[in-house]
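Reading through the structure tokens given below for one structure.
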Amino acid sequence: MVNWRVSSSPFSRTALLFVAGMFLVSFPRASAASWTVRAQPTRLVNGGPVLFQVRPPAKLESLTGTWLTHQFSFSYDPSTKTWFSLAGVSFETTPGRYPLELTAEVAGTKTPLTFTRSFTVARAKYPQVRVELTVEKKFTEPSPEQQEQIAEGVKTKQDYLSRVTPTREWDGKFVAPADAAISDVFGSQRIFNGKAQRPHFGLDYRVPTGTPVAAMNEGTVLLARFLYYEGNCVVIDHGQGLLTLYFHLSEFKVKEGDQVKRGQEIGLSGGTGRATGPHLHVAVRWQGTYLDPATLLQLKLP
């Protein structure tokens with residue numbers, strides 16, 4: 001039997017405390033409670049945008065994240081002492097729990113700080129409405145010449161719509177591009193001339209030709225040109241992979257490369273491209289995936 005004996009002398013007690021302190025210093029333990037990570041909205045769904053807000057346990061130089069295979073950077077908000085970034089969940093994402101992996105550069109040290117928190121993604125209840133629409137035959141049975149135009153438009157979209165510029169340009173809340181009723185929503189099923197198409201990845205505003213169309217937030221005009229299906233379209237790059245798209249315009253009010261402010265007029269609505277009549281189609285893309293514009297308009301953003 002081992003007989004442990006601890007001396008009651010002041011020297012021995014001091015020595016024990018010193019050894020214990022050295023043990024704690026040598027083997028630090030990160031506390032998950034020291035990180036605060038929130039998502040807005042609180043219920044994440046497929047096809048929905050999400051604002052991540054992070055309060056780290058130390059002063060950081062930078063913060064990056066990985067979410068659903070997408071990598072992105074955070075911005076710092078000194079008024080709340082939090083880091084924030086917009087991200088999204090693709091329409092095809094199945095319900096489940098997915099990790100948000102954070103990597104931080106800590107001020108005064110070269111050792112990165114990491115943290116992971118998982119969020120639950122639920123299945124969205126998008127309207128199961130079959131919209132029967134009739135369009136010109138050239139949009140469902142294009143000629144060889146028209147197919148060349150379509151291929152050219154596909155290449156343009158491949159070249160531009162998946163670009164990720166590093167600098168965030170959007171600032172604060174996104175606003176509606178027109179003051180009008182919604183005629184079709186994100187996620188609805190569409191039937192053109194009896195043929196099923198992919199889900200509707202945008203919002204349609206019921207506006208007559210010539211209605212002013214406003215930029216939803218600050219950014220740079222990435223595209224302002226005619227495309228076969230989209231008609232006259234404007235695409236605004238808001239930075240970090242976030243784009244807003246405005247289709248079927250009758251007239252442009254901006255050109256590619258222009259800097260625009262939130263609420264600035266960028267064009268007039270119309271019915272160009274594959275449209276059954278005058279309206280405004282608006283879409284949101286984040287790093288190559290379409291997101292529900294209606295949810296983005298509801299987010300309270302820094």
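Ordered as shown in the structure tokens, chains take letters A, B, and onward, while each chain numbers its residues from 1 and ligands are numbered from 1 in the order shown.
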
Long-range neighbours of stretch 268-273 of chain A as a ChimeraX atom specification, 6 Å cut-off, only C-alpha atoms, 3 positions minimum in chain: /A:209-213,228-231,248-251,277-280

A:Phe115 surroundings by only C-alpha atoms, 9 Å radius, close-in-sequence under 3 positions cut, as a ChimeraX atom specification: /A:32,35,100-104

Saved selection, atoms kept: C-alpha atoms, as a compact mmCIF listing (two decimals), in the first residue's frame:
```
# COMPACT_ATOMS: atom_id res chain seq x y z
CA ALA A 32 -16.62 26.33 -26.49
CA TRP A 35 -17.38 31.49 -28.73
CA LEU A 100 -19.67 25.79 -39.92
CA GLU A 101 -15.88 25.62 -39.57
CA LEU A 102 -14.19 28.82 -38.43
CA THR A 103 -10.49 29.73 -38.69
CA ALA A 104 -9.22 32.91 -37.07
```

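On the backbone of this structure, DSSP gives alpha helix (DSSP H) within stretch 27-227 of chain A to A:Pro144, A:Glu145, A:Gln146, A:Gln147, A:Glu148, A:Gln149, A:Ile150, A:Ala151, A:Glu152, A:Gly153, A:Val154, A:Lys155, A:Thr156, A:Lys157, A:Gln158, A:Asp159, A:Tyr160.
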
Could you state the separation of atom CA of A:Arg262 and atom CA of A:Ala39 in Å, given to one decimal place? 24.1 Å

Spatial neighbours of stretch 287-293 of chain A, 7 Å, only C-alpha atoms, chain gap at least 2 places, as a compact mmCIF listing (two decimals) with N, CA, C and O atoms, in the first residue's frame:
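Output (result20.txt):
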```txt
# COMPACT_ATOMS: atom_id res chain seq x y z
N GLY A 47 -32.21 26.45 -50.01
CA GLY A 47 -32.56 27.60 -50.84
C GLY A 47 -32.56 28.92 -50.10
O GLY A 47 -32.83 29.96 -50.71
N GLY A 48 -32.22 28.92 -48.83
CA GLY A 48 -32.30 30.15 -48.05
C GLY A 48 -30.94 30.80 -47.79
O GLY A 48 -29.95 30.11 -47.59
N PRO A 49 -30.88 32.13 -47.82
CA PRO A 49 -29.67 32.84 -47.39
C PRO A 49 -29.56 32.81 -45.87
O PRO A 49 -30.55 32.60 -45.17
N GLY A 88 -25.24 30.90 -47.68
CA GLY A 88 -26.50 30.35 -48.15
C GLY A 88 -26.51 28.84 -48.13
O GLY A 88 -25.49 28.19 -47.92
N SER A 90 -27.90 25.72 -50.59
CA SER A 90 -28.39 25.46 -51.94
C SER A 90 -29.78 24.81 -51.92
O SER A 90 -30.16 24.17 -50.94
N LEU A 161 -21.16 34.48 -63.68
CA LEU A 161 -22.05 34.32 -62.52
C LEU A 161 -21.48 33.52 -61.37
O LEU A 161 -22.11 33.43 -60.31
N SER A 162 -20.32 32.92 -61.54
CA SER A 162 -19.70 32.20 -60.43
C SER A 162 -18.47 32.92 -59.91
O SER A 162 -17.70 32.36 -59.12
N VAL A 164 -16.18 35.27 -57.66
CA VAL A 164 -16.18 35.65 -56.25
C VAL A 164 -15.12 36.72 -56.05
O VAL A 164 -13.93 36.44 -56.07
N PHE A 186 -40.10 32.09 -55.29
CA PHE A 186 -38.96 31.20 -55.40
C PHE A 186 -39.40 29.76 -55.13
O PHE A 186 -40.16 29.49 -54.21
N PHE A 201 -36.26 30.07 -59.75
CA PHE A 201 -35.24 30.51 -58.81
C PHE A 201 -35.19 32.02 -58.68
O PHE A 201 -34.13 32.65 -58.83
N GLY A 202 -36.33 32.64 -58.42
CA GLY A 202 -36.35 34.08 -58.24
C GLY A 202 -37.70 34.57 -57.78
O GLY A 202 -38.58 33.78 -57.41
N LEU A 203 -37.86 35.88 -57.78
CA LEU A 203 -39.14 36.53 -57.47
C LEU A 203 -39.58 37.28 -58.71
O LEU A 203 -38.78 37.95 -59.36
N GLY A 241 -18.94 36.91 -53.64
CA GLY A 241 -19.75 35.90 -54.29
C GLY A 241 -21.24 36.15 -54.30
O GLY A 241 -22.00 35.31 -54.80
N LEU A 242 -21.69 37.29 -53.78
CA LEU A 242 -23.11 37.60 -53.72
C LEU A 242 -23.52 38.48 -54.89
O LEU A 242 -22.99 39.58 -55.07
N ALA A 283 -33.34 37.66 -59.13
CA ALA A 283 -32.72 36.47 -58.56
C ALA A 283 -31.52 36.86 -57.70
O ALA A 283 -30.96 37.94 -57.86
N VAL A 284 -31.14 35.95 -56.79
CA VAL A 284 -29.99 36.15 -55.91
C VAL A 284 -29.11 34.91 -56.03
O VAL A 284 -29.60 33.78 -55.94
N ARG A 285 -27.83 35.13 -56.25
CA ARG A 285 -26.86 34.02 -56.28
C ARG A 285 -25.76 34.27 -55.27
O ARG A 285 -25.29 35.40 -55.10
N THR A 295 -36.33 35.96 -48.60
CA THR A 295 -35.69 35.80 -47.29
C THR A 295 -34.58 36.82 -47.10
O THR A 295 -34.41 37.39 -46.02
N LEU A 296 -33.80 37.06 -48.16
CA LEU A 296 -32.73 38.07 -48.07
C LEU A 296 -33.29 39.43 -47.72
O LEU A 296 -32.71 40.17 -46.91
N LEU A 297 -34.45 39.79 -48.28
CA LEU A 297 -35.05 41.09 -48.00
C LEU A 297 -35.51 41.21 -46.55
O LEU A 297 -35.66 42.32 -46.04
```

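Each of A:Arg168, A:Arg97, A:Lys173, A:Lys81 was checked against A:Arg117 using only C-alpha atoms; the smallest atom-to-atom distance is that of A:Arg97.
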
Do a neighbour search on A:Ser62 at 9 Å with only C-alpha atoms, toss out local chain neighbours closer than 4 positions, and write the hits as a ChimeraX atom specification. /A:73-76,83,103-107
